[in-house]
$ cat model_10.cif   # mmCIF, C-alpha atoms
data_target
#
loop_
_atom_site.label_atom_id
_atom_site.label_comp_id
_atom_site.auth_asym_id
_atom_site.auth_seq_id
_atom_site.Cartn_x
_atom_site.Cartn_y
_atom_site.Cartn_z
CA MET A 1 33.88 18.64 180.50
CA ALA A 2 36.58 20.90 179.11
CA GLY A 3 39.26 19.12 181.12
CA ARG A 4 40.39 22.24 182.98
CA ASP A 5 42.45 21.80 186.13
CA ARG A 6 41.44 25.11 187.73
CA PRO A 7 38.21 26.89 188.70
CA ASP A 8 36.56 29.53 186.55
CA GLN A 9 38.36 32.84 186.92
CA TRP A 10 37.35 36.46 186.44
CA VAL A 11 40.36 38.50 185.34
CA ALA A 12 40.70 42.29 185.04
CA LEU A 13 43.28 43.45 182.50
CA ASN A 14 44.96 46.76 181.79
CA ALA A 15 43.36 47.85 178.51
CA GLY A 16 46.59 49.41 177.27
CA THR A 17 49.13 46.73 178.13
CA GLY A 18 47.11 43.56 178.73
CA ALA A 19 48.72 43.14 182.14
CA VAL A 20 46.63 41.44 184.84
CA ILE A 21 45.36 43.99 187.36
CA ALA A 22 43.35 41.64 189.56
CA GLN A 23 41.65 38.28 189.41
CA ALA A 24 39.38 36.04 191.45
CA ASP A 25 38.44 32.37 191.42
CA LEU A 26 34.74 31.68 190.92
CA ASP A 27 32.78 28.76 192.31
CA THR A 28 31.20 28.03 188.93
CA VAL A 29 31.68 25.71 185.98
CA GLY A 30 30.71 28.11 183.24
CA HIS A 31 29.61 27.45 179.69
CA GLY A 32 29.58 31.17 178.90
CA GLY A 33 29.41 34.58 180.47
CA GLN A 34 28.11 38.12 180.02
CA GLN A 35 29.61 41.26 181.55
CA LEU A 36 27.70 44.52 182.06
CA LEU A 37 29.32 47.73 183.28
CA HIS A 38 27.36 49.60 185.93
CA GLN A 39 26.70 53.19 184.87
CA ALA A 40 28.72 54.56 187.79
CA GLY A 41 31.75 52.84 186.23
CA GLY A 42 33.20 51.26 189.34
CA GLN A 43 31.19 48.04 189.37
CA VAL A 44 30.90 45.29 186.77
CA PHE A 45 28.25 42.58 186.72
CA LEU A 46 29.03 39.08 185.47
CA ASP A 47 26.47 36.42 184.60
CA VAL A 48 27.97 32.91 184.35
CA GLY A 49 25.79 30.40 182.54
CA GLU A 50 26.24 26.83 183.73
CA GLY A 51 23.95 25.13 181.23
CA GLN A 52 21.30 22.95 182.84
CA ASP A 53 22.78 23.72 186.29
CA GLY A 54 21.58 27.32 186.17
CA SER A 55 23.17 30.74 186.12
CA VAL A 56 25.18 32.69 188.71
CA ILE A 57 25.39 36.50 188.97
CA TYR A 58 28.43 38.28 190.43
CA ARG A 59 29.30 41.92 191.02
CA ALA A 60 32.86 43.15 191.45
CA SER A 61 35.08 46.20 191.67
CA VAL A 62 38.86 46.48 191.55
CA ALA A 63 40.97 48.47 194.01
CA GLU A 64 44.67 48.31 194.86
CA GLY A 65 45.24 45.15 192.85
CA ARG A 66 42.39 43.30 194.53
CA MET A 67 39.04 42.23 193.12
CA ASP A 68 36.21 42.69 195.60
CA LEU A 69 33.74 40.01 194.55
CA ILE A 70 30.11 39.60 195.59
CA ARG A 71 27.92 36.68 194.53
CA TYR A 72 24.17 37.17 194.51
CA PRO A 73 22.28 34.45 196.44
CA TRP A 74 20.66 32.70 193.47
CA ASN A 75 21.64 30.10 190.93
CA ASP A 76 18.42 30.33 188.97
CA ARG A 77 18.36 33.95 187.70
CA CYS A 78 19.86 35.12 184.39
CA LEU A 79 21.05 38.72 184.19
CA ILE A 80 19.43 40.58 181.27
CA ASP A 81 20.13 44.29 181.70
CA LEU A 82 21.00 47.17 184.04
CA ALA A 83 18.80 50.25 184.38
CA PRO A 84 20.11 53.45 182.74
CA ASP A 85 20.45 55.16 186.14
CA GLY A 86 22.03 52.08 187.71
CA ARG A 87 19.44 51.75 190.47
CA GLN A 88 17.91 48.51 189.22
CA PHE A 89 18.62 45.43 187.16
CA MET A 90 16.50 42.91 185.29
CA THR A 91 16.70 39.11 185.44
CA VAL A 92 14.81 36.18 183.94
CA ASP A 93 14.27 32.88 185.70
CA HIS A 94 16.62 30.19 184.38
CA GLU A 95 13.60 27.94 183.82
CA GLN A 96 12.01 30.89 181.95
CA ALA A 97 8.92 31.11 184.15
CA ASP A 98 9.14 34.81 185.06
CA VAL A 99 10.97 38.14 184.79
CA ALA A 100 12.03 40.19 187.83
CA ILE A 101 13.26 43.71 188.58
CA HIS A 102 15.80 44.03 191.41
CA THR A 103 17.16 46.97 193.37
CA TYR A 104 20.86 47.79 193.09
CA PRO A 105 23.07 46.87 194.81
CA ASP A 106 21.31 44.45 197.18
CA GLY A 107 19.27 42.56 194.59
CA GLU A 108 15.95 42.80 196.43
CA VAL A 109 13.05 41.97 194.11
CA THR A 110 10.88 45.01 193.39
CA PHE A 111 8.38 42.94 191.43
CA SER A 112 8.23 39.84 189.28
CA LEU A 113 5.86 38.85 186.48
CA SER A 114 5.07 35.30 185.47
CA VAL A 115 3.89 34.28 182.02
CA ASP A 116 0.21 34.46 182.92
CA ALA A 117 0.58 38.18 183.76
CA PHE A 118 1.01 38.70 180.01
CA GLY A 119 -2.18 36.80 179.20
CA HIS A 120 -0.48 33.57 178.09
CA ASP A 121 -0.67 29.98 179.29
CA PRO A 122 2.47 29.17 181.35
CA ASP A 123 2.27 25.56 180.15
CA GLU A 124 2.71 26.67 176.54
CA THR A 125 4.66 29.94 176.79
CA TYR A 126 7.96 30.98 178.37
CA VAL A 127 9.98 34.13 179.03
CA GLU A 128 13.02 34.46 176.76
CA TRP A 129 16.44 35.51 178.06
CA SER A 130 16.29 38.77 176.09
CA GLY A 131 14.93 42.31 176.28
CA GLY A 132 16.01 45.02 178.69
CA TYR A 133 15.55 48.67 179.56
CA LEU A 134 14.04 50.68 176.72
CA ASN A 135 14.34 53.71 178.99
CA GLN A 136 14.39 54.41 182.71
CA ASP A 137 10.65 53.79 183.05
CA THR A 138 10.10 50.87 180.68
CA VAL A 139 11.54 47.38 180.19
CA ILE A 140 10.97 45.16 177.19
CA VAL A 141 10.09 41.55 178.03
CA THR A 142 10.14 38.79 175.41
CA LEU A 143 7.76 35.83 175.45
CA ALA A 144 7.85 32.85 173.10
CA GLY A 145 6.13 29.55 172.43
CA GLU A 146 4.72 27.26 169.76
CA THR A 147 1.36 27.10 168.03
CA GLU A 148 -0.69 23.90 167.89
CA ASP A 149 0.96 23.08 164.56
CA GLU A 150 4.41 23.52 166.14
CA GLN A 151 5.17 26.90 164.58
CA GLU A 152 7.43 28.98 166.82
CA TRP A 153 6.35 32.51 167.72
CA PHE A 154 7.58 35.37 169.91
CA ARG A 155 6.29 38.73 171.12
CA HIS A 156 7.83 41.69 172.93
CA TYR A 157 5.93 43.56 175.64
CA ARG A 158 6.40 46.86 177.42
CA VAL A 159 6.34 46.76 181.22
CA ASP A 160 6.12 49.90 183.35
CA VAL A 161 8.93 49.73 185.90
CA SER A 162 7.34 51.96 188.54
CA SER A 163 4.01 50.09 188.69
CA GLY A 164 5.01 46.64 187.45
CA GLN A 165 2.10 46.75 185.01
CA VAL A 166 2.21 45.07 181.62
CA GLN A 167 1.48 47.58 178.89
CA ALA A 168 1.00 47.04 175.15
CA GLU A 169 2.86 44.72 172.81
CA PHE A 170 6.03 46.27 171.42
CA ASP A 171 6.96 46.07 167.75
CA ALA A 172 10.75 45.81 167.78
CA HIS A 173 11.04 44.98 164.04
CA ALA A 174 12.97 41.91 165.20
CA GLU A 175 13.60 38.77 163.17
CA ASN A 176 13.89 36.49 166.22
CA PRO A 177 13.46 36.72 170.01
CA TYR A 178 17.07 37.79 170.53
CA ASP A 179 17.22 40.32 167.71
CA ILE A 180 16.75 43.27 170.05
CA GLN A 181 19.20 45.27 172.17
CA PRO A 182 17.52 48.10 174.12
CA LEU A 183 19.91 51.00 174.70
CA GLY A 184 18.14 52.66 177.64
CA ASP A 185 17.55 55.99 175.91
CA GLY A 186 14.33 55.11 174.06
CA SER A 187 16.17 53.43 171.19
CA TRP A 188 17.19 49.85 170.42
CA LEU A 189 19.19 47.82 167.93
CA THR A 190 18.20 45.02 165.61
CA ALA A 191 20.19 43.46 162.77
CA ASP A 192 19.56 43.43 159.03
CA GLN A 193 19.89 40.38 156.79
CA SER A 194 23.67 40.82 156.61
CA GLY A 195 24.04 41.20 160.38
CA HIS A 196 24.63 44.96 160.35
CA PRO A 197 22.93 46.86 163.20
CA ILE A 198 19.87 49.03 162.70
CA ARG A 199 18.97 51.60 165.33
CA TRP A 200 15.29 52.32 165.99
CA THR A 201 13.73 55.05 168.13
CA ASP A 202 10.55 54.80 170.14
CA ALA A 203 7.91 57.09 168.66
#
$ encode --input "model_10.cif" --output "structure tokens"
Amino acid sequence: MAGRDRPDQWVALNAGTGAVIAQADLDTVGHGGQQLLHQAGGQVFLDVGEGQDGSVIYRASVAEGRMDLIRYPWNDRCLIDLAPDGRQFMTVDHEQADVAIHTYPDGEVTFSLSVDAFGHDPDETYVEWSGGYLNQDTVIVTLAGETEDEQEWFRHYRVDVSSGQVQAEFDAHAENPYDIQPLGDGSWLTADQSGHPIRWTDA
């Protein structure tokens, strides 16, 4: 659609000079992307959104001018966050039917939760592509939907990572489903009316 004559590329640059260190062609036609640095520092995750065609998750490291690239075997999972200790990561189904926790690095699913696990009707409610690790033991999952009079609503929930159990609702002081950025240390960011960040701490 953009009229490009080459595949999507992932390029690593020298932060000081801007010189290309390594690059790799991707087998995607991306509309956007998100990069997350693994806490060990040597691996970077990339989520490439392909619009209605889904979402692809890659992991890569750079050594000796070469990018070692691994593609996870799904095109229907959206990367949301990495665990603070780097041992897990969180995804949401591209169709927004469930949330899943995966082991790092292999991506094996530890558990997944569909909408009905949160006490909502899956025909009327969906999982948003937002949330993340509040701390090592807790992820925040965002659900949204519409009332009978077509008023949009959203709610955040705590989920215990070790048991996979849904806990209480979580008041993030957020203005919309995406107005939350968990930081992994028990705190999270929202934005004020002017767009400036506000940092909150879990009591």
$ resolve_selection --input "model_10.cif" --expression "the PyMOL selection byres ((chain A and resi 88) around 9)" --output "number ranges by chain"
A: 81-87, 89-90, 101-105, 107, 110
$ write_last_selection --input "model_10.cif" --atoms "C-alpha atoms" --output "short mmCIF file (atom, residue, chain, number, x, y, z; two decimals), in the frame of the given file"
data_model
loop_
_atom_site.label_atom_id
_atom_site.label_comp_id
_atom_site.auth_asym_id
_atom_site.auth_seq_id
_atom_site.Cartn_x
_atom_site.Cartn_y
_atom_site.Cartn_z
CA ASP A 81 20.13 44.29 181.70
CA LEU A 82 21.00 47.17 184.04
CA ALA A 83 18.80 50.25 184.38
CA PRO A 84 20.11 53.45 182.74
CA ASP A 85 20.45 55.16 186.14
CA GLY A 86 22.03 52.08 187.71
CA ARG A 87 19.44 51.75 190.47
CA PHE A 89 18.62 45.43 187.16
CA MET A 90 16.50 42.91 185.29
CA ILE A 101 13.26 43.71 188.58
CA HIS A 102 15.80 44.03 191.41
CA THR A 103 17.16 46.97 193.37
CA TYR A 104 20.86 47.79 193.09
CA PRO A 105 23.07 46.87 194.81
CA GLY A 107 19.27 42.56 194.59
CA THR A 110 10.88 45.01 193.39
#
$ resolve_selection --input "model_10.cif" --expression "the PyMOL selection byres ((chain A and resi 153) around 10)" --output "PyMOL selection string"
chain A and resi 125+143-147+150-152+154-155+176-177
$ resolve_selection --input "model_10.cif" --expression "the PyMOL selection byres ((chain A and resi 114) around 9)" --output "list in words"
Gln96, Ala97, Asp98, Val99, Ala100, Ser112, Leu113, Val115, Asp116, Ala117, Phe118, Pro122, Tyr126 and Val127 of chain A
$ write_last_selection --input "model_10.cif" --atoms "C-alpha atoms" --output "short mmCIF file (atom, residue, chain, number, x, y, z; two decimals), in the frame of the given file"
data_model
loop_
_atom_site.label_atom_id
_atom_site.label_comp_id
_atom_site.auth_asym_id
_atom_site.auth_seq_id
_atom_site.Cartn_x
_atom_site.Cartn_y
_atom_site.Cartn_z
CA GLN A 96 12.01 30.89 181.95
CA ALA A 97 8.92 31.11 184.15
CA ASP A 98 9.14 34.81 185.06
CA VAL A 99 10.97 38.14 184.79
CA ALA A 100 12.03 40.19 187.83
CA SER A 112 8.23 39.84 189.28
CA LEU A 113 5.86 38.85 186.48
CA VAL A 115 3.89 34.28 182.02
CA ASP A 116 0.21 34.46 182.92
CA ALA A 117 0.58 38.18 183.76
CA PHE A 118 1.01 38.70 180.01
CA PRO A 122 2.47 29.17 181.35
CA TYR A 126 7.96 30.98 178.37
CA VAL A 127 9.98 34.13 179.03
#
$ atom_distance --input "model_10.cif" --atom1 "CA of Ala172 in chain A" --atom2 "CA of Leu134 in chain A"
10.7 Å
$ residues_around --input "model_10.cif" --residues "range 179-183 of chain A" --least-positions-apart "3" --cutoff "12 Å" --atoms "all atoms listed in the file" --output "count of residues only"
46
$ atom_distance --input "model_10.cif" --atom1 "CA of Asp53 in chain A" --atom2 "CA of Asn75 in chain A"
8.0 Å
$ atom_distance --input "model_10.cif" --atom1 "CA of Gln43 in chain A" --atom2 "CA of Gly164 in chain A"
26.3 Å
$ closest_residue --input "model_10.cif" --among "A:Trp74, A:Gly32, A:Ala15, A:Glu50" --to "Glu108 in chain A" --atoms "only C-alpha atoms"
A:Trp74
$ closest_residue --input "model_10.cif" --among "A:Asp47, A:Asp8, A:Asp25, A:Asp68" --to "His94 in chain A" --atoms "all atoms listed in the file"
A:Asp47
$ closest_residue --input "model_10.cif" --among "A:Gln34, A:Asp93, A:Arg4, A:Leu13" --to "Asp76 in chain A" --atoms "all atoms listed in the file"
A:Asp93
$ closest_residue --input "model_10.cif" --among "A:Ile70, A:Ala63, A:Leu46, A:Phe111" --to "Val159 in chain A" --atoms "only C-alpha atoms"
A:Phe111
$ closest_residue --input "model_10.cif" --among "A:Val109, A:Cys78, A:Ala203, A:Val44" --to "Ala12 in chain A" --atoms "only C-alpha atoms"
A:Val44
$ residues_around --input "model_10.cif" --residues "Trp10 in chain A" --least-positions-apart "2" --cutoff "12 Å" --atoms "all atoms listed in the file" --output "PyMOL selection string"
chain A and resi 7-8+12-13+20-28+30+33-35+44-48+58-62+66-69
$ build_atoms --input "model_10.cif" --residues "range 85-121 of chain A" --atoms "N, CA and C atoms" --output "PDB file, keeping the file's coordinate frame"
ATOM      1  N   ASP A  85      19.931  54.395 185.005  1.00  0.00           N
ATOM      2  CA  ASP A  85      20.450  55.160 186.140  1.00  0.00           C
ATOM      3  C   ASP A  85      21.200  54.281 187.136  1.00  0.00           C
ATOM      4  N   GLY A  86      21.272  52.983 186.867  1.00  0.00           N
ATOM      5  CA  GLY A  86      22.030  52.080 187.710  1.00  0.00           C
ATOM      6  C   GLY A  86      21.351  51.650 188.992  1.00  0.00           C
ATOM      7  N   ARG A  87      20.106  52.060 189.212  1.00  0.00           N
ATOM      8  CA  ARG A  87      19.440  51.750 190.470  1.00  0.00           C
ATOM      9  C   ARG A  87      18.718  50.409 190.477  1.00  0.00           C
ATOM     10  N   GLN A  88      18.613  49.783 189.321  1.00  0.00           N
ATOM     11  CA  GLN A  88      17.910  48.510 189.220  1.00  0.00           C
ATOM     12  C   GLN A  88      18.620  47.604 188.219  1.00  0.00           C
ATOM     13  N   PHE A  89      18.228  46.325 188.238  1.00  0.00           N
ATOM     14  CA  PHE A  89      18.620  45.430 187.160  1.00  0.00           C
ATOM     15  C   PHE A  89      17.522  44.411 186.921  1.00  0.00           C
ATOM     16  N   MET A  90      17.560  43.800 185.757  1.00  0.00           N
ATOM     17  CA  MET A  90      16.500  42.910 185.290  1.00  0.00           C
ATOM     18  C   MET A  90      17.062  41.503 185.124  1.00  0.00           C
ATOM     19  N   THR A  91      16.311  40.504 185.617  1.00  0.00           N
ATOM     20  CA  THR A  91      16.700  39.110 185.440  1.00  0.00           C
ATOM     21  C   THR A  91      15.514  38.306 184.913  1.00  0.00           C
ATOM     22  N   VAL A  92      15.826  37.145 184.344  1.00  0.00           N
ATOM     23  CA  VAL A  92      14.810  36.180 183.940  1.00  0.00           C
ATOM     24  C   VAL A  92      15.139  34.853 184.609  1.00  0.00           C
ATOM     25  N   ASP A  93      14.126  34.192 185.091  1.00  0.00           N
ATOM     26  CA  ASP A  93      14.270  32.880 185.700  1.00  0.00           C
ATOM     27  C   ASP A  93      14.950  31.914 184.734  1.00  0.00           C
ATOM     28  N   HIS A  94      15.909  31.122 185.247  1.00  0.00           N
ATOM     29  CA  HIS A  94      16.620  30.190 184.380  1.00  0.00           C
ATOM     30  C   HIS A  94      15.684  29.191 183.709  1.00  0.00           C
ATOM     31  N   GLU A  95      14.600  28.833 184.406  1.00  0.00           N
ATOM     32  CA  GLU A  95      13.600  27.940 183.820  1.00  0.00           C
ATOM     33  C   GLU A  95      12.597  28.693 182.951  1.00  0.00           C
ATOM     34  N   GLN A  96      12.778  30.015 182.847  1.00  0.00           N
ATOM     35  CA  GLN A  96      12.010  30.890 181.950  1.00  0.00           C
ATOM     36  C   GLN A  96      10.543  31.035 182.353  1.00  0.00           C
ATOM     37  N   ALA A  97      10.283  30.987 183.663  1.00  0.00           N
ATOM     38  CA  ALA A  97       8.920  31.110 184.150  1.00  0.00           C
ATOM     39  C   ALA A  97       8.517  32.554 184.439  1.00  0.00           C
ATOM     40  N   ASP A  98       9.495  33.445 184.707  1.00  0.00           N
ATOM     41  CA  ASP A  98       9.140  34.810 185.060  1.00  0.00           C
ATOM     42  C   ASP A  98      10.302  35.767 184.792  1.00  0.00           C
ATOM     43  N   VAL A  99       9.983  37.059 184.876  1.00  0.00           N
ATOM     44  CA  VAL A  99      10.970  38.140 184.790  1.00  0.00           C
ATOM     45  C   VAL A  99      10.893  38.915 186.098  1.00  0.00           C
ATOM     46  N   ALA A 100      12.014  39.449 186.572  1.00  0.00           N
ATOM     47  CA  ALA A 100      12.030  40.190 187.830  1.00  0.00           C
ATOM     48  C   ALA A 100      12.871  41.448 187.699  1.00  0.00           C
ATOM     49  N   ILE A 101      12.487  42.471 188.453  1.00  0.00           N
ATOM     50  CA  ILE A 101      13.260  43.710 188.580  1.00  0.00           C
ATOM     51  C   ILE A 101      13.803  43.767 190.000  1.00  0.00           C
ATOM     52  N   HIS A 102      15.119  44.023 190.114  1.00  0.00           N
ATOM     53  CA  HIS A 102      15.800  44.030 191.410  1.00  0.00           C
ATOM     54  C   HIS A 102      16.383  45.411 191.698  1.00  0.00           C
ATOM     55  N   THR A 103      16.484  45.739 192.972  1.00  0.00           N
ATOM     56  CA  THR A 103      17.160  46.970 193.370  1.00  0.00           C
ATOM     57  C   THR A 103      18.672  46.740 193.339  1.00  0.00           C
ATOM     58  N   TYR A 104      19.398  47.809 193.028  1.00  0.00           N
ATOM     59  CA  TYR A 104      20.860  47.790 193.090  1.00  0.00           C
ATOM     60  C   TYR A 104      21.282  48.543 194.342  1.00  0.00           C
ATOM     61  N   PRO A 105      22.237  48.033 195.104  1.00  0.00           N
ATOM     62  CA  PRO A 105      23.070  46.870 194.810  1.00  0.00           C
ATOM     63  C   PRO A 105      22.613  45.572 195.449  1.00  0.00           C
ATOM     64  N   ASP A 106      21.589  45.631 196.342  1.00  0.00           N
ATOM     65  CA  ASP A 106      21.310  44.450 197.180  1.00  0.00           C
ATOM     66  C   ASP A 106      20.589  43.327 196.465  1.00  0.00           C
ATOM     67  N   GLY A 107      19.944  43.608 195.342  1.00  0.00           N
ATOM     68  CA  GLY A 107      19.270  42.560 194.590  1.00  0.00           C
ATOM     69  C   GLY A 107      17.873  42.235 195.073  1.00  0.00           C
ATOM     70  N   GLU A 108      17.315  43.053 195.962  1.00  0.00           N
ATOM     71  CA  GLU A 108      15.950  42.800 196.430  1.00  0.00           C
ATOM     72  C   GLU A 108      14.970  42.908 195.260  1.00  0.00           C
ATOM     73  N   VAL A 109      14.014  41.990 195.200  1.00  0.00           N
ATOM     74  CA  VAL A 109      13.050  41.970 194.110  1.00  0.00           C
ATOM     75  C   VAL A 109      12.005  43.061 194.323  1.00  0.00           C
ATOM     76  N   THR A 110      11.910  43.976 193.358  1.00  0.00           N
ATOM     77  CA  THR A 110      10.880  45.010 193.390  1.00  0.00           C
ATOM     78  C   THR A 110       9.544  44.435 192.952  1.00  0.00           C
ATOM     79  N   PHE A 111       9.552  43.696 191.862  1.00  0.00           N
ATOM     80  CA  PHE A 111       8.380  42.940 191.430  1.00  0.00           C
ATOM     81  C   PHE A 111       8.834  41.870 190.450  1.00  0.00           C
ATOM     82  N   SER A 112       7.990  40.867 190.290  1.00  0.00           N
ATOM     83  CA  SER A 112       8.230  39.840 189.280  1.00  0.00           C
ATOM     84  C   SER A 112       6.918  39.567 188.555  1.00  0.00           C
ATOM     85  N   LEU A 113       7.032  39.136 187.306  1.00  0.00           N
ATOM     86  CA  LEU A 113       5.860  38.850 186.480  1.00  0.00           C
ATOM     87  C   LEU A 113       6.026  37.473 185.862  1.00  0.00           C
ATOM     88  N   SER A 114       5.062  36.611 186.097  1.00  0.00           N
ATOM     89  CA  SER A 114       5.070  35.300 185.470  1.00  0.00           C
ATOM     90  C   SER A 114       4.376  35.379 184.110  1.00  0.00           C
ATOM     91  N   VAL A 115       4.430  34.294 183.379  1.00  0.00           N
ATOM     92  CA  VAL A 115       3.890  34.280 182.020  1.00  0.00           C
ATOM     93  C   VAL A 115       2.414  34.648 181.983  1.00  0.00           C
ATOM     94  N   ASP A 116       1.647  34.192 182.959  1.00  0.00           N
ATOM     95  CA  ASP A 116       0.210  34.460 182.920  1.00  0.00           C
ATOM     96  C   ASP A 116      -0.119  35.938 183.095  1.00  0.00           C
ATOM     97  N   ALA A 117       0.811  36.739 183.647  1.00  0.00           N
ATOM     98  CA  ALA A 117       0.580  38.180 183.760  1.00  0.00           C
ATOM     99  C   ALA A 117       0.507  38.846 182.390  1.00  0.00           C
ATOM    100  N   PHE A 118       1.046  38.179 181.374  1.00  0.00           N
ATOM    101  CA  PHE A 118       1.010  38.700 180.010  1.00  0.00           C
ATOM    102  C   PHE A 118      -0.149  38.122 179.199  1.00  0.00           C
ATOM    103  N   GLY A 119      -1.014  37.356 179.871  1.00  0.00           N
ATOM    104  CA  GLY A 119      -2.180  36.800 179.200  1.00  0.00           C
ATOM    105  C   GLY A 119      -1.908  35.518 178.439  1.00  0.00           C
ATOM    106  N   HIS A 120      -0.819  34.811 178.779  1.00  0.00           N
ATOM    107  CA  HIS A 120      -0.480  33.570 178.090  1.00  0.00           C
ATOM    108  C   HIS A 120      -0.503  32.390 179.063  1.00  0.00           C
ATOM    109  N   ASP A 121      -0.643  31.207 178.515  1.00  0.00           N
ATOM    110  CA  ASP A 121      -0.670  29.980 179.290  1.00  0.00           C
ATOM    111  C   ASP A 121       0.759  29.583 179.649  1.00  0.00           C
TER     112      ASP A 121
END
